[in-house]
Structures are given as structure tokens and as C-alpha cells.
>>> print(open('model31.cif').read())   # mmCIF, N, CA and C atoms
data_input
loop_
_atom_site.label_atom_id
_atom_site.label_comp_id
_atom_site.auth_asym_id
_atom_site.auth_seq_id
_atom_site.Cartn_x
_atom_site.Cartn_y
_atom_site.Cartn_z
N SER A 1 91.80 89.00 123.88
CA SER A 1 93.18 89.24 123.50
C SER A 1 93.87 87.94 123.14
N ALA A 2 93.56 87.45 121.99
CA ALA A 2 94.12 86.18 121.56
C ALA A 2 95.64 86.24 121.48
N SER A 3 96.19 87.41 121.23
CA SER A 3 97.63 87.51 121.09
C SER A 3 98.37 87.39 122.41
N ILE A 4 97.75 87.76 123.52
CA ILE A 4 98.46 87.71 124.79
C ILE A 4 97.90 86.68 125.75
N GLY A 5 96.80 86.06 125.40
CA GLY A 5 96.20 85.09 126.31
C GLY A 5 95.23 84.16 125.62
N GLN A 6 94.67 83.28 126.40
CA GLN A 6 93.72 82.29 125.91
C GLN A 6 92.50 82.33 126.82
N VAL A 7 91.31 82.18 126.24
CA VAL A 7 90.08 82.17 127.02
C VAL A 7 89.51 80.76 127.06
N TYR A 8 89.13 80.34 128.27
CA TYR A 8 88.54 79.02 128.48
C TYR A 8 87.16 79.19 129.10
N ARG A 9 86.29 78.26 128.81
CA ARG A 9 84.96 78.23 129.43
C ARG A 9 85.03 77.27 130.60
N GLY A 10 84.47 77.70 131.75
CA GLY A 10 84.53 76.85 132.93
C GLY A 10 83.27 76.98 133.76
N ARG A 11 83.24 76.20 134.83
CA ARG A 11 82.12 76.25 135.76
C ARG A 11 82.68 76.31 137.18
N LEU A 12 82.19 77.27 137.96
CA LEU A 12 82.62 77.41 139.34
C LEU A 12 81.90 76.39 140.22
N LEU A 13 82.40 76.19 141.41
CA LEU A 13 81.78 75.24 142.34
C LEU A 13 80.34 75.60 142.65
N ASP A 14 80.01 76.91 142.57
CA ASP A 14 78.62 77.31 142.84
C ASP A 14 77.72 77.16 141.62
N GLY A 15 78.29 76.64 140.52
CA GLY A 15 77.49 76.36 139.33
C GLY A 15 77.54 77.43 138.25
N ARG A 16 78.08 78.60 138.56
CA ARG A 16 78.14 79.66 137.55
C ARG A 16 79.08 79.28 136.41
N GLU A 17 78.64 79.56 135.18
CA GLU A 17 79.52 79.39 134.03
C GLU A 17 80.38 80.64 133.89
N VAL A 18 81.66 80.45 133.65
CA VAL A 18 82.58 81.58 133.58
C VAL A 18 83.50 81.46 132.38
N ALA A 19 84.05 82.62 132.02
CA ALA A 19 85.13 82.69 131.06
C ALA A 19 86.40 82.95 131.86
N VAL A 20 87.43 82.16 131.59
CA VAL A 20 88.70 82.31 132.30
C VAL A 20 89.76 82.70 131.27
N LYS A 21 90.22 83.92 131.36
CA LYS A 21 91.23 84.44 130.43
C LYS A 21 92.58 84.33 131.11
N VAL A 22 93.48 83.57 130.52
CA VAL A 22 94.79 83.30 131.11
C VAL A 22 95.87 83.91 130.22
N GLN A 23 96.70 84.72 130.84
CA GLN A 23 97.79 85.36 130.10
C GLN A 23 98.86 84.34 129.74
N ARG A 24 99.33 84.42 128.53
CA ARG A 24 100.38 83.54 128.05
C ARG A 24 101.67 83.80 128.83
N PRO A 25 102.38 82.75 129.24
CA PRO A 25 103.64 82.95 129.98
C PRO A 25 104.65 83.73 129.14
N GLY A 26 105.36 84.63 129.77
CA GLY A 26 106.43 85.37 129.10
C GLY A 26 105.96 86.48 128.19
N VAL A 27 104.67 86.80 128.21
CA VAL A 27 104.16 87.80 127.28
C VAL A 27 104.76 89.18 127.55
N MET A 28 105.01 89.51 128.81
CA MET A 28 105.57 90.82 129.12
C MET A 28 106.99 90.96 128.57
N THR A 29 107.75 89.89 128.58
CA THR A 29 109.09 89.92 128.00
C THR A 29 109.02 90.18 126.51
N GLU A 30 108.07 89.54 125.85
CA GLU A 30 107.90 89.75 124.41
C GLU A 30 107.48 91.18 124.11
N ILE A 31 106.58 91.70 124.91
CA ILE A 31 106.12 93.08 124.72
C ILE A 31 107.28 94.05 124.94
N ALA A 32 108.06 93.82 125.98
CA ALA A 32 109.20 94.70 126.27
C ALA A 32 110.18 94.71 125.11
N LEU A 33 110.45 93.54 124.54
CA LEU A 33 111.36 93.47 123.39
C LEU A 33 110.78 94.22 122.19
N ASP A 34 109.50 94.01 121.92
CA ASP A 34 108.85 94.71 120.81
C ASP A 34 108.92 96.22 120.99
N LEU A 35 108.64 96.69 122.20
CA LEU A 35 108.68 98.13 122.46
C LEU A 35 110.10 98.68 122.34
N TYR A 36 111.07 97.91 122.81
CA TYR A 36 112.47 98.33 122.70
C TYR A 36 112.84 98.49 121.22
N LEU A 37 112.47 97.49 120.41
CA LEU A 37 112.80 97.55 118.98
C LEU A 37 112.08 98.70 118.28
N LEU A 38 110.82 98.91 118.62
CA LEU A 38 110.09 100.05 118.05
C LEU A 38 110.77 101.36 118.39
N ARG A 39 111.15 101.50 119.65
CA ARG A 39 111.79 102.73 120.08
C ARG A 39 113.15 102.92 119.39
N LEU A 40 113.86 101.82 119.22
CA LEU A 40 115.17 101.86 118.56
C LEU A 40 115.05 102.24 117.08
N LEU A 41 114.02 101.73 116.41
CA LEU A 41 113.86 101.94 114.98
C LEU A 41 113.07 103.19 114.61
N THR A 42 112.41 103.78 115.57
CA THR A 42 111.58 104.95 115.27
C THR A 42 112.36 106.10 114.63
N PRO A 43 113.54 106.49 115.12
CA PRO A 43 114.27 107.57 114.45
C PRO A 43 114.58 107.26 112.98
N LEU A 44 114.93 106.02 112.70
CA LEU A 44 115.21 105.63 111.31
C LEU A 44 113.94 105.74 110.46
N GLN A 45 112.83 105.27 111.01
CA GLN A 45 111.57 105.33 110.28
C GLN A 45 111.19 106.78 109.98
N VAL A 46 111.38 107.68 110.94
CA VAL A 46 111.04 109.09 110.73
C VAL A 46 111.92 109.68 109.63
N ARG A 47 113.20 109.37 109.67
CA ARG A 47 114.11 109.91 108.63
C ARG A 47 113.72 109.39 107.24
N ILE A 48 113.42 108.10 107.15
CA ILE A 48 113.04 107.53 105.84
C ILE A 48 111.74 108.14 105.36
N GLN A 49 110.74 108.21 106.24
CA GLN A 49 109.44 108.78 105.86
C GLN A 49 109.60 110.22 105.40
N ASN A 50 110.37 111.00 106.15
CA ASN A 50 110.58 112.39 105.76
C ASN A 50 111.34 112.50 104.45
N ALA A 51 112.32 111.64 104.22
CA ALA A 51 113.08 111.65 102.97
C ALA A 51 112.16 111.33 101.78
N VAL A 52 111.33 110.33 101.95
CA VAL A 52 110.39 109.95 100.88
C VAL A 52 109.45 111.13 100.57
N ASN A 53 109.05 111.85 101.60
CA ASN A 53 108.15 112.99 101.43
C ASN A 53 108.88 114.31 101.19
N LYS A 54 110.22 114.21 101.00
CA LYS A 54 111.06 115.38 100.73
C LYS A 54 110.92 116.46 101.80
N ILE A 55 110.96 116.00 103.06
CA ILE A 55 110.88 116.89 104.22
C ILE A 55 112.16 116.73 105.03
N ASN A 56 112.72 117.85 105.46
CA ASN A 56 113.90 117.78 106.32
C ASN A 56 113.50 117.25 107.69
N THR A 57 114.36 116.42 108.26
CA THR A 57 114.10 115.87 109.59
C THR A 57 114.88 116.67 110.62
N ASP A 58 114.17 117.12 111.66
CA ASP A 58 114.89 117.77 112.75
C ASP A 58 114.67 116.97 114.03
N ASP A 59 115.37 117.37 115.07
CA ASP A 59 115.32 116.62 116.33
C ASP A 59 113.90 116.55 116.91
N ASN A 60 113.10 117.58 116.68
CA ASN A 60 111.73 117.57 117.19
C ASN A 60 110.87 116.49 116.53
N ASP A 61 111.10 116.23 115.24
CA ASP A 61 110.36 115.17 114.55
C ASP A 61 110.61 113.83 115.24
N ILE A 62 111.87 113.57 115.50
CA ILE A 62 112.25 112.29 116.12
C ILE A 62 111.75 112.22 117.56
N ALA A 63 111.91 113.31 118.31
CA ALA A 63 111.45 113.33 119.70
C ALA A 63 109.94 113.11 119.79
N THR A 64 109.19 113.72 118.88
CA THR A 64 107.74 113.55 118.88
C THR A 64 107.36 112.10 118.57
N ALA A 65 108.02 111.51 117.59
CA ALA A 65 107.71 110.12 117.23
C ALA A 65 108.07 109.16 118.36
N VAL A 66 109.21 109.37 119.00
CA VAL A 66 109.62 108.52 120.12
C VAL A 66 108.65 108.69 121.29
N ALA A 67 108.21 109.92 121.53
CA ALA A 67 107.24 110.17 122.61
C ALA A 67 105.92 109.44 122.32
N LEU A 68 105.51 109.40 121.06
CA LEU A 68 104.29 108.66 120.69
C LEU A 68 104.46 107.17 120.93
N VAL A 69 105.62 106.63 120.59
CA VAL A 69 105.89 105.21 120.84
C VAL A 69 105.87 104.94 122.35
N ASP A 70 106.48 105.83 123.12
CA ASP A 70 106.50 105.66 124.57
C ASP A 70 105.08 105.67 125.15
N GLU A 71 104.26 106.60 124.68
CA GLU A 71 102.88 106.69 125.19
C GLU A 71 102.08 105.45 124.78
N TRP A 72 102.23 105.03 123.57
CA TRP A 72 101.57 103.82 123.10
C TRP A 72 102.02 102.64 123.95
N GLY A 73 103.30 102.56 124.22
CA GLY A 73 103.84 101.47 125.03
C GLY A 73 103.28 101.46 126.44
N ARG A 74 103.17 102.65 127.06
CA ARG A 74 102.59 102.72 128.41
C ARG A 74 101.16 102.19 128.41
N GLY A 75 100.38 102.58 127.42
CA GLY A 75 99.01 102.10 127.32
C GLY A 75 98.94 100.60 127.09
N PHE A 76 99.80 100.11 126.24
CA PHE A 76 99.78 98.68 125.94
C PHE A 76 100.19 97.85 127.14
N VAL A 77 101.21 98.29 127.86
CA VAL A 77 101.66 97.58 129.05
C VAL A 77 100.55 97.57 130.10
N ALA A 78 99.83 98.68 130.23
CA ALA A 78 98.73 98.74 131.19
C ALA A 78 97.64 97.73 130.83
N GLU A 79 97.44 97.48 129.54
CA GLU A 79 96.42 96.53 129.10
C GLU A 79 96.77 95.09 129.46
N VAL A 80 98.03 94.82 129.73
CA VAL A 80 98.46 93.46 130.07
C VAL A 80 98.05 93.09 131.50
N ASP A 81 97.79 94.09 132.31
CA ASP A 81 97.40 93.85 133.70
C ASP A 81 95.89 93.59 133.73
N TYR A 82 95.50 92.35 133.94
CA TYR A 82 94.09 91.99 133.89
C TYR A 82 93.29 92.59 135.04
N THR A 83 93.94 93.01 136.13
CA THR A 83 93.18 93.68 137.19
C THR A 83 92.68 95.03 136.68
N LYS A 84 93.46 95.69 135.85
CA LYS A 84 93.01 96.96 135.26
C LYS A 84 91.90 96.69 134.26
N GLU A 85 92.01 95.63 133.49
CA GLU A 85 90.94 95.27 132.55
C GLU A 85 89.65 94.98 133.30
N ALA A 86 89.77 94.30 134.43
CA ALA A 86 88.58 93.99 135.24
C ALA A 86 87.91 95.27 135.70
N GLU A 87 88.70 96.21 136.17
CA GLU A 87 88.14 97.47 136.64
C GLU A 87 87.49 98.25 135.50
N LYS A 88 88.14 98.29 134.35
CA LYS A 88 87.58 98.99 133.19
C LYS A 88 86.29 98.33 132.72
N THR A 89 86.22 97.01 132.83
CA THR A 89 85.00 96.29 132.46
C THR A 89 83.84 96.72 133.35
N ARG A 90 84.10 96.80 134.63
CA ARG A 90 83.07 97.25 135.58
C ARG A 90 82.65 98.69 135.28
N GLU A 91 83.62 99.56 135.05
CA GLU A 91 83.33 100.96 134.75
C GLU A 91 82.51 101.09 133.47
N PHE A 92 82.84 100.29 132.46
CA PHE A 92 82.11 100.32 131.20
C PHE A 92 80.65 99.93 131.42
N SER A 93 80.43 98.85 132.16
CA SER A 93 79.06 98.40 132.42
C SER A 93 78.26 99.48 133.15
N GLU A 94 78.87 100.10 134.14
CA GLU A 94 78.20 101.17 134.88
C GLU A 94 77.88 102.36 133.97
N ALA A 95 78.80 102.70 133.08
CA ALA A 95 78.59 103.83 132.17
C ALA A 95 77.44 103.53 131.20
N MET A 96 77.36 102.32 130.70
CA MET A 96 76.27 101.97 129.78
C MET A 96 74.93 102.02 130.49
N GLN A 97 74.89 101.56 131.73
CA GLN A 97 73.64 101.62 132.50
C GLN A 97 73.21 103.06 132.75
N ARG A 98 74.17 103.92 133.09
CA ARG A 98 73.84 105.34 133.33
C ARG A 98 73.28 106.00 132.08
N ARG A 99 73.73 105.55 130.91
CA ARG A 99 73.29 106.13 129.65
C ARG A 99 72.01 105.46 129.13
N GLY A 100 71.53 104.46 129.84
CA GLY A 100 70.32 103.77 129.41
C GLY A 100 70.52 102.84 128.24
N LEU A 101 71.75 102.43 128.01
CA LEU A 101 72.05 101.51 126.91
C LEU A 101 72.08 100.08 127.44
N ASN A 102 70.91 99.60 127.81
CA ASN A 102 70.82 98.30 128.48
C ASN A 102 71.13 97.12 127.58
N ALA A 103 71.08 97.31 126.26
CA ALA A 103 71.42 96.21 125.35
C ALA A 103 72.92 96.00 125.26
N VAL A 104 73.69 97.00 125.71
CA VAL A 104 75.15 96.89 125.69
C VAL A 104 75.60 96.39 127.05
N THR A 105 76.22 95.24 127.06
CA THR A 105 76.65 94.67 128.34
C THR A 105 78.11 94.25 128.27
N ALA A 106 78.66 94.08 129.42
CA ALA A 106 79.99 93.49 129.56
C ALA A 106 79.84 92.42 130.63
N PRO A 107 80.61 91.38 130.54
CA PRO A 107 80.47 90.31 131.54
C PRO A 107 80.84 90.79 132.93
N GLU A 108 80.12 90.29 133.92
CA GLU A 108 80.43 90.63 135.31
C GLU A 108 81.72 89.93 135.71
N VAL A 109 82.62 90.70 136.29
CA VAL A 109 83.92 90.17 136.69
C VAL A 109 83.79 89.45 138.04
N VAL A 110 84.45 88.31 138.15
CA VAL A 110 84.54 87.61 139.43
C VAL A 110 85.87 88.07 140.04
N PHE A 111 85.81 89.19 140.76
CA PHE A 111 87.02 89.84 141.26
C PHE A 111 87.83 88.94 142.20
N GLU A 112 87.15 88.15 143.01
CA GLU A 112 87.87 87.33 143.99
C GLU A 112 88.72 86.23 143.34
N LEU A 113 88.46 85.91 142.08
CA LEU A 113 89.25 84.89 141.38
C LEU A 113 90.18 85.47 140.32
N SER A 114 90.13 86.78 140.13
CA SER A 114 90.94 87.43 139.10
C SER A 114 92.24 87.95 139.68
N THR A 115 93.28 87.93 138.85
CA THR A 115 94.60 88.45 139.22
C THR A 115 95.14 89.26 138.05
N SER A 116 96.37 89.70 138.16
CA SER A 116 96.97 90.46 137.05
C SER A 116 97.16 89.61 135.80
N LYS A 117 97.17 88.28 135.97
CA LYS A 117 97.40 87.38 134.82
C LYS A 117 96.24 86.45 134.52
N VAL A 118 95.21 86.48 135.34
CA VAL A 118 94.02 85.65 135.12
C VAL A 118 92.79 86.52 135.36
N LEU A 119 91.90 86.54 134.37
CA LEU A 119 90.66 87.30 134.49
C LEU A 119 89.49 86.33 134.40
N VAL A 120 88.64 86.34 135.42
CA VAL A 120 87.48 85.46 135.45
C VAL A 120 86.23 86.34 135.38
N THR A 121 85.38 86.04 134.41
CA THR A 121 84.12 86.77 134.26
C THR A 121 82.99 85.77 134.05
N GLU A 122 81.76 86.25 134.24
CA GLU A 122 80.63 85.40 133.91
C GLU A 122 80.70 85.08 132.42
N TRP A 123 80.19 83.92 132.06
CA TRP A 123 80.12 83.55 130.64
C TRP A 123 78.89 84.21 130.06
N VAL A 124 79.03 84.92 128.97
CA VAL A 124 77.92 85.62 128.36
C VAL A 124 77.73 85.13 126.94
N GLU A 125 76.52 84.66 126.67
CA GLU A 125 76.14 84.35 125.29
C GLU A 125 75.68 85.67 124.70
N GLY A 126 76.16 86.01 123.55
CA GLY A 126 75.80 87.30 122.98
C GLY A 126 75.70 87.25 121.48
N SER A 127 75.50 88.42 120.93
CA SER A 127 75.43 88.54 119.48
C SER A 127 76.30 89.71 119.04
N ARG A 128 76.73 89.64 117.82
CA ARG A 128 77.51 90.74 117.26
C ARG A 128 76.61 91.95 117.08
N LEU A 129 77.16 93.12 117.33
CA LEU A 129 76.38 94.34 117.23
C LEU A 129 75.76 94.51 115.85
N ASP A 130 76.51 94.18 114.80
CA ASP A 130 75.98 94.37 113.45
C ASP A 130 74.89 93.36 113.08
N ARG A 131 74.65 92.37 113.94
CA ARG A 131 73.60 91.38 113.70
C ARG A 131 72.50 91.42 114.75
N ASP A 132 72.56 92.39 115.64
CA ASP A 132 71.62 92.47 116.76
C ASP A 132 70.43 93.36 116.38
N ALA A 133 69.25 92.94 116.77
CA ALA A 133 68.03 93.69 116.45
C ALA A 133 67.56 94.56 117.61
N SER A 134 68.36 94.70 118.65
CA SER A 134 67.95 95.50 119.81
C SER A 134 67.72 96.96 119.42
N ALA A 135 66.82 97.60 120.14
CA ALA A 135 66.46 98.98 119.85
C ALA A 135 67.65 99.95 120.01
N ASP A 136 68.62 99.60 120.84
CA ASP A 136 69.76 100.49 121.08
C ASP A 136 70.77 100.50 119.94
N VAL A 137 70.71 99.53 119.05
CA VAL A 137 71.75 99.41 118.01
C VAL A 137 71.85 100.65 117.14
N PRO A 138 70.75 101.19 116.60
CA PRO A 138 70.89 102.41 115.78
C PRO A 138 71.51 103.57 116.54
N ARG A 139 71.17 103.69 117.81
CA ARG A 139 71.73 104.75 118.64
C ARG A 139 73.24 104.56 118.80
N LEU A 140 73.67 103.32 119.00
CA LEU A 140 75.10 103.03 119.17
C LEU A 140 75.87 103.21 117.88
N CYS A 141 75.28 102.78 116.79
CA CYS A 141 75.99 102.86 115.50
C CYS A 141 76.13 104.29 115.03
N GLY A 142 75.31 105.18 115.57
CA GLY A 142 75.41 106.58 115.20
C GLY A 142 76.53 107.30 115.93
N VAL A 143 77.13 106.62 116.93
CA VAL A 143 78.19 107.24 117.72
C VAL A 143 79.49 107.19 116.97
#
>>> encode(input="model31.cif", output="C-alpha cells")
Amino acid sequence: SASIGQVYRGRLLDGREVAVKVQRPGVMTEIALDLYLLRLLTPLQVRIQNAVNKINTDDNDIATAVALVDEWGRGFVAEVDYTKEAEKTREFSEAMQRRGLNAVTAPEVVFELSTSKVLVTEWVEGSRLDRDASADVPRLCGV
């Protein structure tokens, strides 16, 4: 998430190489402002879009669009909490193992050093999926 944080490569005292993702200060304030502005401008956008498409705008059109912005905002705000990202990373790894997709990995989270604003994971050297020759790639690309 280059837009909300920066990733650094580091080494723990026990010698493990790690990636340290640090949230940019004040990012939640910026997100809150963006969401406020989106919510404020959504009714205008719906009216303009409907006018361009020669469709009458009713209250349900606006309510639906605002509800979509609200839902998107809830999801985006949840993504800012790195403890949730850490948990999702673990769940993803477990799901890939259950499916036998061993070529698909996610870095192991160092939970004891991670917080809502700092995520520490093992450092993983990897390859892009579209350049990987692993046997699982065709199976994954078909999804």
C-alpha cells in the first residue's frame, strides 16, 4: 500500500529478514476527508450522470449511491488497520495450503511486532505470477 504506508527491509535480532510496513502519519485523517467529500458529492454525481443519460433521478438513486460509498468507505477504513491485514494474510496462506496451491504464498506475519499501524512480516523473495513457471500458475490463471 504505497499510498498509505512505506515498506522497509530489516533484520530482527534473531537474524530473520523482515519487511516492515509503516503507516504514514495522518493517513486516517486524509481518508476521512476523502470519504466525507465523496459522500457530499455523490448526490450531485448521480444527478449529473442521470441527466447525461436522460434518466430521471429519484431519492432511491441517491440513497443507493450513498450507501455504496458508505460500504466502500467501511471496507477501506478496515484496510487501514494492519492487525486486520495481518489476520487476513494468515487466513489467505491457510486457504492456499488447504487448496493445495503451494506455489502461492504470503509472507508469515510476525504478530508480536505488528500493530494497527506497523506490519512486520518475513521478507519473501518472489516472482510475479505472470512470469512464474510453477505448475500451479495455469490453475490460478484460470480462476
>>> select_by_dssp(input="model31.cif", residues="chain A", states="alpha helix (DSSP H)", output="JSON, numbers by chain")
{"A": [27, 28, 29, 30, 31, 32, 33, 34, 35, 36, 37, 38, 39, 40, 41, 42, 43, 44, 45, 46, 47, 48, 49, 50, 51, 52, 59, 60, 61, 62, 63, 64, 65, 66, 67, 68, 69, 70, 71, 72, 73, 74, 75, 76, 77, 78, 79, 80, 82, 83, 84, 85, 86, 87, 88, 89, 90, 91, 92, 93, 94, 95, 96, 97, 98, 137, 138, 139, 140, 141]}
>>> residues_around(input="model31.cif", residues="Leu113 in chain A", least_positions_apart="5", cutoff="12 Å", atoms="only C-alpha atoms", output="list in words")
Leu12, Val18, Ala19, Val20, Lys21, Val22, Tyr82, Thr83, Ala86, Val118, Leu119, Val120, Thr121 and Glu122 of chain A
>>> select_by_dssp(input="model31.cif", residues="range 45-126 of chain A", states="strand (DSSP E or B)", output="list in words")
Val109, Val118, Leu119, Val120, Thr121 and Glu122 of chain A
>>> atom_distance(input="model31.cif", atom1="atom N of Lys117 in chain A", atom2="CA of Ala78 in chain A")
11.6 Å
>>> atom_distance(input="model31.cif", atom1="CA of Tyr8 in chain A", atom2="CA of Cys141 in chain A")
29.9 Å
>>> atom_distance(input="model31.cif", atom1="atom N of Arg128 in chain A", atom2="CA of Lys84 in chain A")
25.0 Å
>>> resolve_selection(input="model31.cif", expression="the PyMOL selection byres (((chain A and resi 33-42 and name CA) around 7) and name CA)", output="PyMOL selection string")
chain A and resi 29-32+43-46+65-66+69+73
>>> resolve_selection(input="model31.cif", expression="the PyMOL selection byres (((chain A and resi 80 and name CA) around 8) and name CA)", output="ChimeraX atom specification")
/A:4,28,76-79,81-82,116-117
>>> axis_aligned_box(input="model31.cif", around="range 46-54 of chain A", padding_each_side="6 Å", output="AutoDock Vina command-line options")
--center_x 111.1 --center_y 112.0 --center_z 105.8 --size_x 18.0 --size_y 20.9 --size_z 22.4
>>> residues_around(input="model31.cif", residues="range 132-136 of chain A", least_positions_apart="3", cutoff="8 Å", atoms="only N, CA and C atoms", output="PyMOL selection string")
chain A and resi 100-104+127-129+139-142
>>> closest_residue(input="model31.cif", among="A:Glu17, A:Arg9, A:Ser3, A:Gln49", to="Trp123 in chain A", atoms="only N, CA and C atoms")
A:Glu17
>>> build_atoms(input="model31.cif", residues="range 13-35 of chain A", atoms="N, CA, C and O atoms", output="compact mmCIF listing (two decimals), keeping the file's coordinate frame")
# COMPACT_ATOMS: atom_id res chain seq x y z
N LEU A 13 82.40 76.19 141.41
CA LEU A 13 81.78 75.24 142.34
C LEU A 13 80.34 75.60 142.65
O LEU A 13 79.53 74.72 142.94
N ASP A 14 80.01 76.91 142.57
CA ASP A 14 78.62 77.31 142.84
C ASP A 14 77.72 77.16 141.62
O ASP A 14 76.55 77.51 141.65
N GLY A 15 78.29 76.64 140.52
CA GLY A 15 77.49 76.36 139.33
C GLY A 15 77.54 77.43 138.25
O GLY A 15 77.08 77.19 137.13
N ARG A 16 78.08 78.60 138.56
CA ARG A 16 78.14 79.66 137.55
C ARG A 16 79.08 79.28 136.41
O ARG A 16 80.17 78.77 136.65
N GLU A 17 78.64 79.56 135.18
CA GLU A 17 79.52 79.39 134.03
C GLU A 17 80.38 80.64 133.89
O GLU A 17 79.86 81.76 134.01
N VAL A 18 81.66 80.45 133.65
CA VAL A 18 82.58 81.58 133.58
C VAL A 18 83.50 81.46 132.38
O VAL A 18 83.70 80.39 131.82
N ALA A 19 84.05 82.62 132.02
CA ALA A 19 85.13 82.69 131.06
C ALA A 19 86.40 82.95 131.86
O ALA A 19 86.43 83.83 132.73
N VAL A 20 87.43 82.16 131.59
CA VAL A 20 88.70 82.31 132.30
C VAL A 20 89.76 82.70 131.27
O VAL A 20 90.12 81.90 130.40
N LYS A 21 90.22 83.92 131.36
CA LYS A 21 91.23 84.44 130.43
C LYS A 21 92.58 84.33 131.11
O LYS A 21 92.80 84.94 132.16
N VAL A 22 93.48 83.57 130.52
CA VAL A 22 94.79 83.30 131.11
C VAL A 22 95.87 83.91 130.22
O VAL A 22 95.94 83.62 129.03
N GLN A 23 96.70 84.72 130.84
CA GLN A 23 97.79 85.36 130.10
C GLN A 23 98.86 84.34 129.74
O GLN A 23 99.23 83.50 130.55
N ARG A 24 99.33 84.42 128.53
CA ARG A 24 100.38 83.54 128.05
C ARG A 24 101.67 83.80 128.83
O ARG A 24 102.03 84.95 129.07
N PRO A 25 102.38 82.75 129.24
CA PRO A 25 103.64 82.95 129.98
C PRO A 25 104.65 83.73 129.14
O PRO A 25 104.76 83.52 127.93
N GLY A 26 105.36 84.63 129.77
CA GLY A 26 106.43 85.37 129.10
C GLY A 26 105.96 86.48 128.19
O GLY A 26 106.77 87.08 127.47
N VAL A 27 104.67 86.80 128.21
CA VAL A 27 104.16 87.80 127.28
C VAL A 27 104.76 89.18 127.55
O VAL A 27 105.03 89.93 126.62
N MET A 28 105.01 89.51 128.81
CA MET A 28 105.57 90.82 129.12
C MET A 28 106.99 90.96 128.57
O MET A 28 107.37 92.04 128.09
N THR A 29 107.75 89.89 128.58
CA THR A 29 109.09 89.92 128.00
C THR A 29 109.02 90.18 126.51
O THR A 29 109.79 90.97 125.96
N GLU A 30 108.07 89.54 125.85
CA GLU A 30 107.90 89.75 124.41
C GLU A 30 107.48 91.18 124.11
O GLU A 30 107.98 91.80 123.17
N ILE A 31 106.58 91.70 124.91
CA ILE A 31 106.12 93.08 124.72
C ILE A 31 107.28 94.05 124.94
O ILE A 31 107.46 95.00 124.17
N ALA A 32 108.06 93.82 125.98
CA ALA A 32 109.20 94.70 126.27
C ALA A 32 110.18 94.71 125.11
O ALA A 32 110.68 95.78 124.72
N LEU A 33 110.45 93.54 124.54
CA LEU A 33 111.36 93.47 123.39
C LEU A 33 110.78 94.22 122.19
O LEU A 33 111.47 94.99 121.53
N ASP A 34 109.50 94.01 121.92
CA ASP A 34 108.85 94.71 120.81
C ASP A 34 108.92 96.22 120.99
O ASP A 34 109.23 96.96 120.05
N LEU A 35 108.64 96.69 122.20
CA LEU A 35 108.68 98.13 122.46
C LEU A 35 110.10 98.68 122.34
O LEU A 35 110.31 99.78 121.82
